[in-house]
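Note sheet for the following structure.
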Amino acid sequence: MKHVWFLAWQSLRFNRLQSAILIIGLAVPLYLPLTVNGLVARYQVGLLRRAASTPLVAGGLGSRFDLVLHALYFRGSVPRLLRMADVEAMRATGYAAPIPLYVRYTAHHAPIVGTTLDYFTFRRLRLARGEQLLELGDCVLGAEAAASLGLAPGDRLMTDPENVFDIAGSYPVKLRVMGVLEATGTPDDRAVFVDLKTTWLIGGLAHGHTDVTSTNTDASVVLERGASNVTANAALVEFTEVTPTNITSFHFHGEPADFPVSAVIPVPKDEKSATLLRGRYQGPEATVQILAARSVVEELLGLVFRIKRFFDANAALVGVATGLFLVLVVLLSLRLRRPEMETLFRVGCARGLMARLMAAELAAIGAVSLALAVAGAAVTIALVSLW
Amino acid sequence: MITIEQLTFHYRHSTFALRVPRLLVADGQKVALVGPSGSGKTTLLHLIAGILLPDEGTITVGDTQPARLSDAGRRAFRIATLGLVFQDFQLLEFLDVLENILLPYRINPALNLTGDVRQRALQLARETGLEPRLRHRPGRLSQGEKQRTALCRALITQPRYLLADEPTGNLDPAAKKRVLDVLFEQCARAQTSLLMVTHDVSLLGRFDRAFDLAEVSR
C-alpha cells in the first residue's frame, strides 16, 4: 500500500494547483459546520457552567435575557436599575445574602464591575498578584484584562468617559490597580473590578474637590457663600484620582439607599430559602424580578439551537452540492487522466491497484481538507473565544 | 520461446487485417520486426503482450497463452514476464525519470523494490546517458530521453521477453548506438528474447534475424 500512497502523493504534488483547489473546495464546506458546532458547543458549556454556578439573579423588571446576560456576562444594560434599598430589603428577608453589581462603565472597553468583596468569595476569584480592593478608587483586574491592557499592580487605569461630547458630565476617574486575578476562563477574566462606591464615584454621585469652605479659597470659584452652604462654579477643580492626600475630600451627594445597582446575585442559604425568596418577589406589585439563571440560559440556548438547525440544514445542502461537484470532478479527471490510466494498463497495473490509486488520492485530499477544516475551526473558535 | 501460429486479427470498423501464419522467437534470440507503416508491427507486439486479443490462432509466450488468461491474469503476466517499450513511450507525467524506471516495482506487489533494484536503475540510467536527468519529469525531456527512459523501465525487471517498438526511432546516431549497445548487452546478460520493431535497415545486422510482416501477410 505504501507504493499506492507514494504514487498518489506524486500525482497530487504534480497537479498541485488542482489539488489545492479541490482541498480548499472541500475544506470550506467542512469548516463552516465544524466551526458553528464547535462555537455553539463551547458557548453552551461556558454559558451553562456560569449559569449553574449562579443560582439566582435579581434585577429590575424587563427582559429576563438582558438581566441574566448582564449579571453573568457583564454584557449590555438592564432596562431598570435597582436601588441599594432593594438590596437591603432582600438582605432583610434573611433568605439570601445579596451581592450587588453595578455594571455600567468601562475602562479601555473592559467592563467595570462595581461590587463587594463577597463577589470574589462567591466566584472563588483569587489574586494572582497584588492585593484586594482597599480604598475608594482601587481596582482589581481580571487576568485577560490585565494582559490586554498591559497593567500590573501599582499602575493606573483611566475609565472611559460615557459621552465625550458631554463636557459637563462626569470626569473619567484614574483607578489604581491593586491586584490581578488568576485566570478562570469566565467573563470575570475580562472585567475590571471596583468597589460599588467607586462606580458611584465614576458616575458622579461622589466627588472630591478643593476645599471651598475655607476662607482661603480662591474667590473666583465661589458663586455664592451662605451660612451653611457654599456654591462653586465650574472652575472648581475636581479630583480625578483618589490619593492619600485628597481622599478625605471625597464625599457622596444624595441618599445612599437610592444609589443604583444594575443587578443583584442573591446567594440563598439553601434551596428552600431560594424558593421562599423567589416567592416573595412574585406578586403583581413586585418591582424586582428574581430569576433562576440556569433556566433562563437554557431557554436562550433553545433559541440558539433553533437557529443552529437552519445552519445545519444549510450545511447539509452545501455538503450534498459539494459531494455532487466532487463526483463531477472525479469523472472529469478520469477523462483527463485517461492517457495515464492507459499507461498503467499497458505496463500491467492491476485494475484494483488503479482504483486504489484513485481512492488514495481522494482519501489524501479528503484527509487534508478535513485536517484543514478542523484546524481552521479550532483557530476560529480560539480567536472568537479571545474576542 | 515466443510461438505464433495461424494468427489473424482485425480492428473493428477497419479494413486492416493482420495475418501471421507462423513466427518463432527462441529464448535469447534477437529478432527485428520490419515492414512498412501500417503493416501491423505495433499490433503484433500488442497481441503478444496481451494488450489486444487475436481473432484466431495462438500466441504462446513461454508456457503461457495470454489470450487464455483473464484481464487481471494478462496484466500480471505482462508485468511479470515482459519488458515493453512503446512507440509513444507511455511515461507517467507526474513521475520523474528515476520513478518512471522503477514504476513496475511500484505497481506490482510481487516485485520487491530493494536497494539493488535502485542501483540497477541508476546503472541503466548511467549507461543510457540519463543520469543527469534522473530528477526531471517527462515534460522536460527530449524525445530521445523519453525513449531511453521507456527502455530503462522495460529492462529494469530483467524480463525474459522484451518487446520494443522502435526504441531508437527518435535518437541521433550516437545515442542510437549507445542505447542499442545497452539493449543488446542487457538481453545477452539475462538471456532475454528480443522482438524489436525497426525501420532502420542498417541495424538489421545486429539481430539474429529479421521478420518482415509485409512478406508474411501477403
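Quick note on naming: the chains in the C-alpha cells go A, B, ... in the order shown, residues restart at 1 in each chain, and ligands are numbered from 1 in order of appearance.
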Write out as a Markdown table a residue-level contact list of chain B versus chain A with cut-off 9 Å: for each qualifying residue the closest pair of atoms and the distance in Å to one decimal, counting only C-alpha atoms, rows sorted by chain and residue number upward.
| residue | atom | partner | partner_atom | distance |
| --- | --- | --- | --- | --- |
| B:His46 | CA | A:Arg346 | CA | 9.0 |
| B:Ala49 | CA | A:Arg346 | CA | 8.7 |
| B:Ile51 | CA | A:Arg346 | CA | 6.7 |
| B:Asp71 | CA | A:Ala350 | CA | 8.8 |
| B:Ala72 | CA | A:Ala350 | CA | 6.2 |
| B:Gly73 | CA | A:Ala350 | CA | 8.9 |
| B:Arg74 | CA | A:Gly348 | CA | 7.7 |
| B:Arg75 | CA | A:Gly348 | CA | 4.3 |
| B:Ala76 | CA | A:Gly348 | CA | 6.1 |
| B:Phe77 | CA | A:Gly348 | CA | 7.8 |
| B:Arg78 | CA | A:Gly348 | CA | 5.5 |
| B:Ile79 | CA | A:Gly348 | CA | 4.9 |
| B:Ala80 | CA | A:Gly348 | CA | 8.5 |
| B:Gly83 | CA | A:Val347 | CA | 8.5 |
| B:Leu84 | CA | A:Val347 | CA | 7.2 |
| B:Phe89 | CA | A:Thr343 | CA | 8.9 |
| B:Gln90 | CA | A:Thr343 | CA | 5.2 |
| B:Leu91 | CA | A:Thr343 | CA | 6.9 |
| B:Leu92 | CA | A:Glu340 | CA | 6.2 |
| B:Glu93 | CA | A:Glu340 | CA | 7.9 |
| B:Phe94 | CA | A:Phe14 | CA | 5.3 |
| B:Leu95 | CA | A:Gln10 | CA | 6.6 |
| B:Leu103 | CA | A:Val347 | CA | 8.8 |
| B:Pro104 | CA | A:Val347 | CA | 7.3 |
| B:Tyr105 | CA | A:His3 | CA | 8.6 |
| B:Arg106 | CA | A:His3 | CA | 5.3 |
| B:Ile107 | CA | A:Cys349 | CA | 5.6 |
| B:Asn108 | CA | A:Cys349 | CA | 6.9 |
| B:Pro109 | CA | A:Met1 | CA | 8.9 |
| B:Ala154 | CA | A:Val347 | CA | 8.9 |
Expected answer as JSON, numbers by chain: alpha helix (DSSP H) residues in range 25-216 of chain B: {"B": [41, 42, 43, 44, 45, 46, 47, 48, 49, 71, 72, 73, 74, 75, 76, 77, 78, 79, 80, 81, 97, 98, 99, 100, 101, 103, 104, 105, 106, 107, 115, 116, 117, 118, 119, 120, 121, 122, 123, 124, 125, 126, 127, 143, 144, 145, 146, 147, 148, 149, 150, 151, 152, 153, 154, 155, 173, 174, 175, 176, 177, 178, 179, 180, 181, 182, 183, 184, 185, 186, 187, 188, 189, 190, 213, 214, 215, 216]}
Residues within 9 Å of Arg118 in chain B, only C-alpha atoms, excluding chain neighbours under 4 positions, as a list of chain:residue names: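 Listing them by chain and then by number gives B:Leu98, B:Leu102, B:Leu113, B:Thr114, B:Leu122, B:Gln123.
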Could the residues in this selection be saved with N, CA, C and O atoms as a CSV table (one decimal), in the first residue's frame?
chain,number,residue,atom,x,y,z
B,98,LEU,N,13.7,8.7,-12.7
B,98,LEU,CA,14.0,7.5,-11.9
B,98,LEU,C,12.7,6.7,-11.5
B,98,LEU,O,12.7,5.5,-11.5
B,102,LEU,N,11.4,2.9,-12.2
B,102,LEU,CA,11.1,2.0,-11.1
B,102,LEU,C,9.6,1.6,-11.1
B,102,LEU,O,9.1,0.8,-10.2
B,113,LEU,N,10.9,-3.7,-4.3
B,113,LEU,CA,11.7,-2.6,-4.6
B,113,LEU,C,12.8,-2.5,-3.6
B,113,LEU,O,12.7,-1.9,-2.5
B,114,THR,N,14.0,-3.1,-3.9
B,114,THR,CA,15.1,-3.1,-2.9
B,114,THR,C,16.2,-2.1,-3.3
B,114,THR,O,16.1,-1.5,-4.4
B,122,LEU,N,19.8,3.0,-11.5
B,122,LEU,CA,20.9,4.1,-11.6
B,122,LEU,C,21.9,3.6,-12.7
B,122,LEU,O,22.4,4.4,-13.5
B,123,GLN,N,22.2,2.3,-12.6
B,123,GLN,CA,23.2,1.8,-13.6
B,123,GLN,C,22.7,1.9,-15.0
B,123,GLN,O,23.4,2.4,-15.9
Long-range neighbours of Leu163 in chain B as number ranges by chain, 8 Å cut-off, only C-alpha atoms, 2 positions minimum in chain: B: 45, 82-85, 161, 165, 194-196
How would the residues just chosen look if you wrote them out with N, CA, C and O atoms as an mmCIF file, in the first residue's frame?
data_model
loop_
_atom_site.group_PDB
_atom_site.id
_atom_site.type_symbol
_atom_site.label_atom_id
_atom_site.label_comp_id
_atom_site.auth_asym_id
_atom_site.auth_seq_id
_atom_site.Cartn_x
_atom_site.Cartn_y
_atom_site.Cartn_z
ATOM 1 N N LEU B 45 3.031 -6.686 -31.613
ATOM 2 C CA LEU B 45 3.623 -6.600 -30.264
ATOM 3 C C LEU B 45 2.522 -6.556 -29.207
ATOM 4 O O LEU B 45 2.626 -7.207 -28.158
ATOM 5 N N LEU B 82 7.165 -9.734 -19.307
ATOM 6 C CA LEU B 82 7.582 -8.953 -20.464
ATOM 7 C C LEU B 82 8.193 -7.613 -20.063
ATOM 8 O O LEU B 82 7.829 -7.037 -19.034
ATOM 9 N N GLY B 83 9.076 -7.150 -20.960
ATOM 10 C CA GLY B 83 9.503 -5.766 -20.906
ATOM 11 C C GLY B 83 8.947 -5.107 -22.152
ATOM 12 O O GLY B 83 9.061 -5.655 -23.244
ATOM 13 N N LEU B 84 8.295 -3.976 -21.969
ATOM 14 C CA LEU B 84 7.628 -3.340 -23.108
ATOM 15 C C LEU B 84 8.163 -1.935 -23.321
ATOM 16 O O LEU B 84 8.229 -1.147 -22.385
ATOM 17 N N VAL B 85 8.551 -1.649 -24.565
ATOM 18 C CA VAL B 85 8.918 -0.281 -24.928
ATOM 19 C C VAL B 85 7.932 0.147 -26.001
ATOM 20 O O VAL B 85 7.875 -0.462 -27.063
ATOM 21 N N TYR B 161 11.333 -11.679 -21.893
ATOM 22 C CA TYR B 161 10.992 -11.286 -23.252
ATOM 23 C C TYR B 161 10.888 -9.762 -23.299
ATOM 24 O O TYR B 161 10.221 -9.161 -22.442
ATOM 25 N N ASP B 165 9.115 -1.323 -29.452
ATOM 26 C CA ASP B 165 8.523 -0.703 -30.635
ATOM 27 C C ASP B 165 9.337 0.527 -31.021
ATOM 28 O O ASP B 165 9.173 1.604 -30.443
ATOM 29 N N LEU B 194 14.478 -10.879 -27.659
ATOM 30 C CA LEU B 194 14.145 -9.514 -28.075
ATOM 31 C C LEU B 194 13.380 -9.545 -29.393
ATOM 32 O O LEU B 194 13.828 -10.157 -30.366
ATOM 33 N N LEU B 195 12.227 -8.902 -29.375
ATOM 34 C CA LEU B 195 11.475 -8.719 -30.615
ATOM 35 C C LEU B 195 11.308 -7.213 -30.766
ATOM 36 O O LEU B 195 10.601 -6.576 -29.973
ATOM 37 N N MET B 196 12.014 -6.663 -31.770
ATOM 38 C CA MET B 196 12.084 -5.206 -31.850
ATOM 39 C C MET B 196 11.633 -4.695 -33.208
ATOM 40 O O MET B 196 12.102 -5.148 -34.254
#
Distance query range 126-130 of chain B at most 7 Å, only C-alpha atoms, self and fewer than 5 positions along chain excluded, as JSON, numbers by chain: {"B": [145, 148, 178, 179, 182]}
Emit the selected residues as a PDB file, in the first residue's frame, including N, CA, C and O atoms.
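Contents of the output file result.pdb:
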ATOM      1  N   GLU B 145      15.319  11.273 -24.870  1.00  0.00           N
ATOM      2  CA  GLU B 145      15.437  10.969 -23.434  1.00  0.00           C
ATOM      3  C   GLU B 145      14.211  10.206 -22.951  1.00  0.00           C
ATOM      4  O   GLU B 145      14.324   9.293 -22.117  1.00  0.00           O
ATOM      5  N   ARG B 148      14.629   6.661 -24.041  1.00  0.00           N
ATOM      6  CA  ARG B 148      15.614   5.932 -23.224  1.00  0.00           C
ATOM      7  C   ARG B 148      15.026   5.595 -21.854  1.00  0.00           C
ATOM      8  O   ARG B 148      15.298   4.536 -21.288  1.00  0.00           O
ATOM      9  N   ARG B 178      24.480   3.918 -28.589  1.00  0.00           N
ATOM     10  CA  ARG B 178      24.635   3.735 -27.142  1.00  0.00           C
ATOM     11  C   ARG B 178      23.468   2.919 -26.571  1.00  0.00           C
ATOM     12  O   ARG B 178      23.651   1.984 -25.792  1.00  0.00           O
ATOM     13  N   VAL B 179      22.241   3.280 -26.989  1.00  0.00           N
ATOM     14  CA  VAL B 179      21.051   2.599 -26.484  1.00  0.00           C
ATOM     15  C   VAL B 179      21.027   1.148 -26.948  1.00  0.00           C
ATOM     16  O   VAL B 179      20.731   0.236 -26.169  1.00  0.00           O
ATOM     17  N   VAL B 182      23.405  -0.952 -24.979  1.00  0.00           N
ATOM     18  CA  VAL B 182      22.835  -1.296 -23.660  1.00  0.00           C
ATOM     19  C   VAL B 182      21.776  -2.382 -23.816  1.00  0.00           C
ATOM     20  O   VAL B 182      21.756  -3.370 -23.071  1.00  0.00           O
TER      21      VAL B 182
END
Separation of CA of Met90 in chain A from CA of Leu300 in chain A, in Å and rounded to one decimal: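 Distance reported for this atom pair: 26.7 Å.
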Could you write out, as a tab-separated table (two decimals) with all heavy atoms, in the first residue's frame, all the residues of range 24-212 of chain B that DSSP marks as strand (DSSP E or B)?
chain	number	residue	atom	x	y	z
B	24	LEU	N	8.47	-17.83	-34.75
B	24	LEU	CA	9.12	-18.40	-33.57
B	24	LEU	C	10.25	-17.47	-33.14
B	24	LEU	O	11.04	-17.04	-33.97
B	24	LEU	CB	9.71	-19.78	-33.88
B	24	LEU	CG	8.73	-20.90	-34.21
B	24	LEU	CD1	9.49	-22.17	-34.60
B	24	LEU	CD2	7.82	-21.19	-33.02
B	25	VAL	N	10.29	-17.15	-31.86
B	25	VAL	CA	11.42	-16.39	-31.31
B	25	VAL	C	11.99	-17.24	-30.18
B	25	VAL	O	11.34	-17.41	-29.13
B	25	VAL	CB	11.00	-15.00	-30.77
B	25	VAL	CG1	12.20	-14.24	-30.24
B	25	VAL	CG2	10.30	-14.20	-31.86
B	30	LYS	N	17.39	-12.58	-30.88
B	30	LYS	CA	17.07	-11.18	-31.15
B	30	LYS	C	16.51	-11.11	-32.56
B	30	LYS	O	17.20	-11.40	-33.52
B	30	LYS	CB	18.32	-10.32	-31.03
B	30	LYS	CG	18.85	-10.29	-29.60
B	30	LYS	CD	20.28	-9.84	-29.56
B	30	LYS	CE	20.90	-10.23	-28.22
B	30	LYS	NZ	21.04	-11.69	-28.06
B	31	VAL	N	15.22	-10.71	-32.62
B	31	VAL	CA	14.52	-10.68	-33.90
B	31	VAL	C	14.07	-9.26	-34.20
B	31	VAL	O	13.47	-8.60	-33.34
B	31	VAL	CB	13.29	-11.63	-33.87
B	31	VAL	CG1	12.51	-11.54	-35.18
B	31	VAL	CG2	13.75	-13.06	-33.62
B	32	ALA	N	14.39	-8.81	-35.40
B	32	ALA	CA	13.93	-7.50	-35.84
B	32	ALA	C	12.61	-7.67	-36.56
B	32	ALA	O	12.45	-8.58	-37.38
B	32	ALA	CB	14.95	-6.86	-36.76
B	33	LEU	N	11.64	-6.84	-36.20
B	33	LEU	CA	10.33	-6.89	-36.84
B	33	LEU	C	10.27	-5.71	-37.80
B	33	LEU	O	10.29	-4.55	-37.37
B	33	LEU	CB	9.26	-6.78	-35.76
B	33	LEU	CG	7.84	-7.18	-36.07
B	33	LEU	CD1	7.75	-8.61	-36.58
B	33	LEU	CD2	6.99	-7.04	-34.81
B	34	VAL	N	10.23	-5.99	-39.08
B	34	VAL	CA	10.26	-4.92	-40.07
B	34	VAL	C	9.01	-4.98	-40.94
B	34	VAL	O	8.25	-5.95	-40.90
B	34	VAL	CB	11.52	-5.00	-40.96
B	34	VAL	CG1	12.79	-4.77	-40.15
B	34	VAL	CG2	11.62	-6.35	-41.66
B	56	GLU	N	-8.13	-15.22	-34.29
B	56	GLU	CA	-7.89	-16.66	-34.43
B	56	GLU	C	-6.41	-16.93	-34.23
B	56	GLU	O	-5.58	-16.02	-34.30
B	56	GLU	CB	-8.31	-17.15	-35.82
B	56	GLU	CG	-9.82	-17.22	-36.00
B	56	GLU	CD	-10.20	-17.56	-37.43
B	56	GLU	OE1	-9.35	-18.15	-38.14
B	56	GLU	OE2	-11.31	-17.22	-37.83
B	57	GLY	N	-6.09	-18.21	-34.07
B	57	GLY	CA	-4.70	-18.60	-33.92
B	57	GLY	C	-4.24	-18.53	-32.48
B	57	GLY	O	-5.00	-18.16	-31.59
B	58	THR	N	-2.99	-18.90	-32.27
B	58	THR	CA	-2.48	-18.92	-30.89
B	58	THR	C	-1.16	-18.15	-30.80
B	58	THR	O	-0.35	-18.15	-31.73
B	58	THR	CB	-2.22	-20.36	-30.40
B	58	THR	OG1	-1.30	-20.98	-31.31
B	58	THR	CG2	-3.51	-21.16	-30.32
B	59	ILE	N	-1.00	-17.55	-29.64
B	59	ILE	CA	0.27	-16.91	-29.28
B	59	ILE	C	0.69	-17.53	-27.96
B	59	ILE	O	-0.08	-17.51	-26.99
B	59	ILE	CB	0.11	-15.39	-29.11
B	59	ILE	CG1	-0.38	-14.75	-30.42
B	59	ILE	CG2	1.42	-14.75	-28.65
B	59	ILE	CD1	-0.77	-13.28	-30.29
B	60	THR	N	1.86	-18.10	-27.94
B	60	THR	CA	2.37	-18.69	-26.70
B	60	THR	C	3.67	-18.00	-26.34
B	60	THR	O	4.59	-17.92	-27.16
B	60	THR	CB	2.62	-20.20	-26.87
B	60	THR	OG1	1.46	-20.80	-27.47
B	60	THR	CG2	2.90	-20.86	-25.53
B	61	VAL	N	3.71	-17.51	-25.11
B	61	VAL	CA	4.93	-16.85	-24.61
B	61	VAL	C	5.41	-17.70	-23.45
B	61	VAL	O	4.75	-17.75	-22.40
B	61	VAL	CB	4.64	-15.41	-24.16
B	61	VAL	CG1	5.92	-14.73	-23.69
B	61	VAL	CG2	4.01	-14.61	-25.31
B	64	THR	N	2.82	-19.75	-21.52
B	64	THR	CA	1.55	-19.05	-21.34
B	64	THR	C	0.94	-18.61	-22.66
B	64	THR	O	1.65	-18.09	-23.52
B	64	THR	CB	1.77	-17.80	-20.44
B	64	THR	OG1	2.47	-18.19	-19.27
B	64	THR	CG2	0.45	-17.14	-20.08
B	82	LEU	N	7.17	-9.73	-19.31
B	82	LEU	CA	7.58	-8.95	-20.46
B	82	LEU	C	8.19	-7.61	-20.06
B	82	LEU	O	7.83	-7.04	-19.03
B	82	LEU	CB	6.38	-8.66	-21.38
B	82	LEU	CG	5.58	-9.85	-21.89
B	82	LEU	CD1	4.39	-9.36	-22.69
B	82	LEU	CD2	6.46	-10.75	-22.77
B	83	GLY	N	9.08	-7.15	-20.96
B	83	GLY	CA	9.50	-5.77	-20.91
B	83	GLY	C	8.95	-5.11	-22.15
B	83	GLY	O	9.06	-5.66	-23.24
B	84	LEU	N	8.29	-3.98	-21.97
B	84	LEU	CA	7.63	-3.34	-23.11
B	84	LEU	C	8.16	-1.93	-23.32
B	84	LEU	O	8.23	-1.15	-22.39
B	84	LEU	CB	6.12	-3.26	-22.84
B	84	LEU	CG	5.39	-4.60	-22.71
B	84	LEU	CD1	4.04	-4.39	-22.05
B	84	LEU	CD2	5.20	-5.22	-24.08
B	85	VAL	N	8.55	-1.65	-24.56
B	85	VAL	CA	8.92	-0.28	-24.93
B	85	VAL	C	7.93	0.15	-26.00
B	85	VAL	O	7.88	-0.46	-27.06
B	85	VAL	CB	10.35	-0.19	-25.49
B	85	VAL	CG1	10.72	1.26	-25.75
B	85	VAL	CG2	11.34	-0.83	-24.53
B	161	TYR	N	11.33	-11.68	-21.89
B	161	TYR	CA	10.99	-11.29	-23.25
B	161	TYR	C	10.89	-9.76	-23.30
B	161	TYR	O	10.22	-9.16	-22.44
B	161	TYR	CB	9.65	-11.89	-23.67
B	161	TYR	CG	9.63	-13.39	-23.51
B	161	TYR	CD1	9.09	-13.96	-22.37
B	161	TYR	CD2	10.17	-14.22	-24.50
B	161	TYR	CE1	9.10	-15.34	-22.20
B	161	TYR	CE2	10.18	-15.60	-24.33
B	161	TYR	CZ	9.65	-16.16	-23.18
B	161	TYR	OH	9.66	-17.51	-23.01
B	162	LEU	N	11.54	-9.19	-24.29
B	162	LEU	CA	11.48	-7.74	-24.43
B	162	LEU	C	10.85	-7.41	-25.78
B	162	LEU	O	11.33	-7.84	-26.83
B	162	LEU	CB	12.90	-7.14	-24.35
B	162	LEU	CG	12.97	-5.63	-24.39
B	162	LEU	CD1	12.31	-5.02	-23.16
B	162	LEU	CD2	14.43	-5.16	-24.45
B	163	LEU	N	9.76	-6.69	-25.72
B	163	LEU	CA	9.06	-6.27	-26.94
B	163	LEU	C	9.29	-4.77	-27.07
B	163	LEU	O	8.82	-3.99	-26.23
B	163	LEU	CB	7.57	-6.57	-26.84
B	163	LEU	CG	7.20	-8.00	-26.43
B	163	LEU	CD1	5.68	-8.15	-26.34
B	163	LEU	CD2	7.76	-9.01	-27.44
B	164	ALA	N	10.00	-4.38	-28.11
B	164	ALA	CA	10.38	-2.97	-28.25
B	164	ALA	C	9.86	-2.42	-29.56
B	164	ALA	O	10.13	-2.97	-30.62
B	164	ALA	CB	11.89	-2.82	-28.16
B	165	ASP	N	9.11	-1.32	-29.45
B	165	ASP	CA	8.52	-0.70	-30.63
B	165	ASP	C	9.34	0.53	-31.02
B	165	ASP	O	9.17	1.60	-30.44
B	165	ASP	CB	7.07	-0.31	-30.32
B	165	ASP	CG	6.27	-0.07	-31.58
B	165	ASP	OD1	6.88	-0.03	-32.67
B	165	ASP	OD2	5.04	0.08	-31.46
B	193	SER	N	14.85	-12.73	-24.73
B	193	SER	CA	14.46	-12.74	-26.14
B	193	SER	C	14.00	-11.34	-26.51
B	193	SER	O	13.24	-10.72	-25.77
B	193	SER	CB	13.30	-13.71	-26.37
B	193	SER	OG	13.66	-14.99	-25.91
B	194	LEU	N	14.48	-10.88	-27.66
B	194	LEU	CA	14.15	-9.51	-28.08
B	194	LEU	C	13.38	-9.55	-29.39
B	194	LEU	O	13.83	-10.16	-30.37
B	194	LEU	CB	15.43	-8.69	-28.24
B	194	LEU	CG	15.28	-7.30	-28.86
B	194	LEU	CD1	14.47	-6.38	-27.95
B	194	LEU	CD2	16.65	-6.67	-29.13
B	195	LEU	N	12.23	-8.90	-29.38
B	195	LEU	CA	11.48	-8.72	-30.62
B	195	LEU	C	11.31	-7.21	-30.77
B	195	LEU	O	10.60	-6.58	-29.97
B	195	LEU	CB	10.12	-9.41	-30.52
B	195	LEU	CG	9.27	-9.43	-31.79
B	195	LEU	CD1	10.00	-10.10	-32.95
B	195	LEU	CD2	7.95	-10.16	-31.54
B	196	MET	N	12.01	-6.66	-31.77
B	196	MET	CA	12.08	-5.21	-31.85
B	196	MET	C	11.63	-4.69	-33.21
B	196	MET	O	12.10	-5.15	-34.25
B	196	MET	CB	13.52	-4.75	-31.58
B	196	MET	CG	13.70	-3.26	-31.61
B	196	MET	SD	15.37	-2.82	-31.10
B	196	MET	CE	15.86	-1.82	-32.51
B	197	VAL	N	10.70	-3.77	-33.17
B	197	VAL	CA	10.24	-3.12	-34.41
B	197	VAL	C	11.28	-2.08	-34.81
B	197	VAL	O	11.75	-1.31	-33.97
B	197	VAL	CB	8.88	-2.43	-34.18
B	197	VAL	CG1	8.49	-1.60	-35.41
B	197	VAL	CG2	7.80	-3.45	-33.87
B	209	ARG	N	17.93	-12.42	-36.70
B	209	ARG	CA	17.20	-12.49	-37.96
B	209	ARG	C	16.15	-11.39	-37.98
B	209	ARG	O	15.86	-10.76	-36.93
B	209	ARG	CB	16.55	-13.86	-38.16
B	209	ARG	CG	15.45	-14.22	-37.20
B	209	ARG	CD	15.07	-15.69	-37.37
B	209	ARG	NE	14.08	-16.09	-36.41
B	209	ARG	CZ	12.76	-16.02	-36.61
B	209	ARG	NH1	12.29	-15.54	-37.75
B	209	ARG	NH2	11.91	-16.43	-35.69
B	210	ALA	N	15.58	-11.19	-39.15
B	210	ALA	CA	14.53	-10.19	-39.30
B	210	ALA	C	13.26	-10.88	-39.75
B	210	ALA	O	13.30	-11.88	-40.48
B	210	ALA	CB	14.95	-9.14	-40.33
B	211	PHE	N	12.14	-10.35	-39.30
B	211	PHE	CA	10.84	-10.91	-39.66
B	211	PHE	C	10.06	-9.80	-40.35
B	211	PHE	O	9.72	-8.78	-39.73
B	211	PHE	CB	10.12	-11.39	-38.39
B	211	PHE	CG	8.83	-12.09	-38.65
B	211	PHE	CD1	8.82	-13.43	-39.04
B	211	PHE	CD2	7.62	-11.44	-38.50
B	211	PHE	CE1	7.62	-14.09	-39.27
B	211	PHE	CE2	6.42	-12.09	-38.72
B	211	PHE	CZ	6.42	-13.42	-39.11
B	212	ASP	N	9.80	-10.00	-41.65
B	212	ASP	CA	9.15	-8.96	-42.44
B	212	ASP	C	7.66	-9.23	-42.48
B	212	ASP	O	7.21	-10.19	-43.11
B	212	ASP	CB	9.75	-8.93	-43.85
B	212	ASP	CG	9.29	-7.71	-44.62
B	212	ASP	OD1	8.26	-7.10	-44.21
B	212	ASP	OD2	9.94	-7.35	-45.61
Shell of 6 Å around range 131-145 of chain A, only C-alpha atoms, local chain residues under 4 positions omitted, as a list in words: Leu149, Leu175, Arg176, Val177, Met178, Gly179, Val180, Leu181, Glu182, Ala183, Asp188, Asp189, Arg190, Ala191, Val192, Phe193, Val194, Thr198 and Val242 of chain A
Given the selection you just returned, output its residues as a file containing C-alpha atoms, formatted as a PDB file, in the first residue's frame.
ATOM      1  CA  LEU A 149      -4.144  46.381  28.874  1.00  0.00           C
ATOM      2  CA  LEU A 175      -8.169  53.969  39.058  1.00  0.00           C
ATOM      3  CA  ARG A 176      -5.278  52.475  40.981  1.00  0.00           C
ATOM      4  CA  VAL A 177      -4.564  48.851  40.064  1.00  0.00           C
ATOM      5  CA  MET A 178      -4.254  46.919  43.304  1.00  0.00           C
ATOM      6  CA  GLY A 179      -4.173  43.364  42.055  1.00  0.00           C
ATOM      7  CA  VAL A 180      -4.624  40.936  39.193  1.00  0.00           C
ATOM      8  CA  LEU A 181      -6.857  37.867  39.494  1.00  0.00           C
ATOM      9  CA  GLU A 182      -5.998  34.344  38.459  1.00  0.00           C
ATOM     10  CA  ALA A 183      -7.447  33.321  35.104  1.00  0.00           C
ATOM     11  CA  ASP A 188     -14.513  37.687  35.152  1.00  0.00           C
ATOM     12  CA  ASP A 189     -11.181  37.474  33.304  1.00  0.00           C
ATOM     13  CA  ARG A 190     -12.125  40.409  31.103  1.00  0.00           C
ATOM     14  CA  ALA A 191     -13.530  42.641  33.835  1.00  0.00           C
ATOM     15  CA  VAL A 192     -12.178  45.486  35.964  1.00  0.00           C
ATOM     16  CA  PHE A 193     -13.487  45.066  39.498  1.00  0.00           C
ATOM     17  CA  VAL A 194     -14.005  48.012  41.786  1.00  0.00           C
ATOM     18  CA  THR A 198     -16.067  53.557  43.216  1.00  0.00           C
ATOM     19  CA  VAL A 242      -8.241  59.339  44.750  1.00  0.00           C
TER      20      VAL A 242
END
Range 52-65 of chain A environment, 10 Å, only C-alpha atoms, sequence neighbours closer than 6 positions dropped, as a PyMOL selection string: chain A and resi 46+71-72+78-83+86-87+90+96+98-101+122-123+261-268+271+274+277-278+281+286-297+299-300
Between CA of Leu328 in chain A and CA of Ala355 in chain A, distance in Å (one decimal):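 Rounded to one decimal, the two atoms are 16.8 Å apart.
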Distance of CA of Val368 in chain A from CA of Glu99 in chain B, expressed in Å to one decimal place: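 Here the two named atoms are 24.5 Å from each other.
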Closest of A:Pro187, A:Ser273, A:Ile21, A:Thr159 to Phe74 in chain A - atom-to-atom distances counting only C-alpha atoms: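 Once distances to Phe74 in chain A are computed over only C-alpha atoms, the minimum belongs to A:Pro187.
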From A:Leu362, A:Thr199, A:Leu30, A:Gly130, residue lying nearest Asp155 in chain A [only C-alpha atoms]: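 Closest to Asp155 in chain A of all the choices is A:Gly130.
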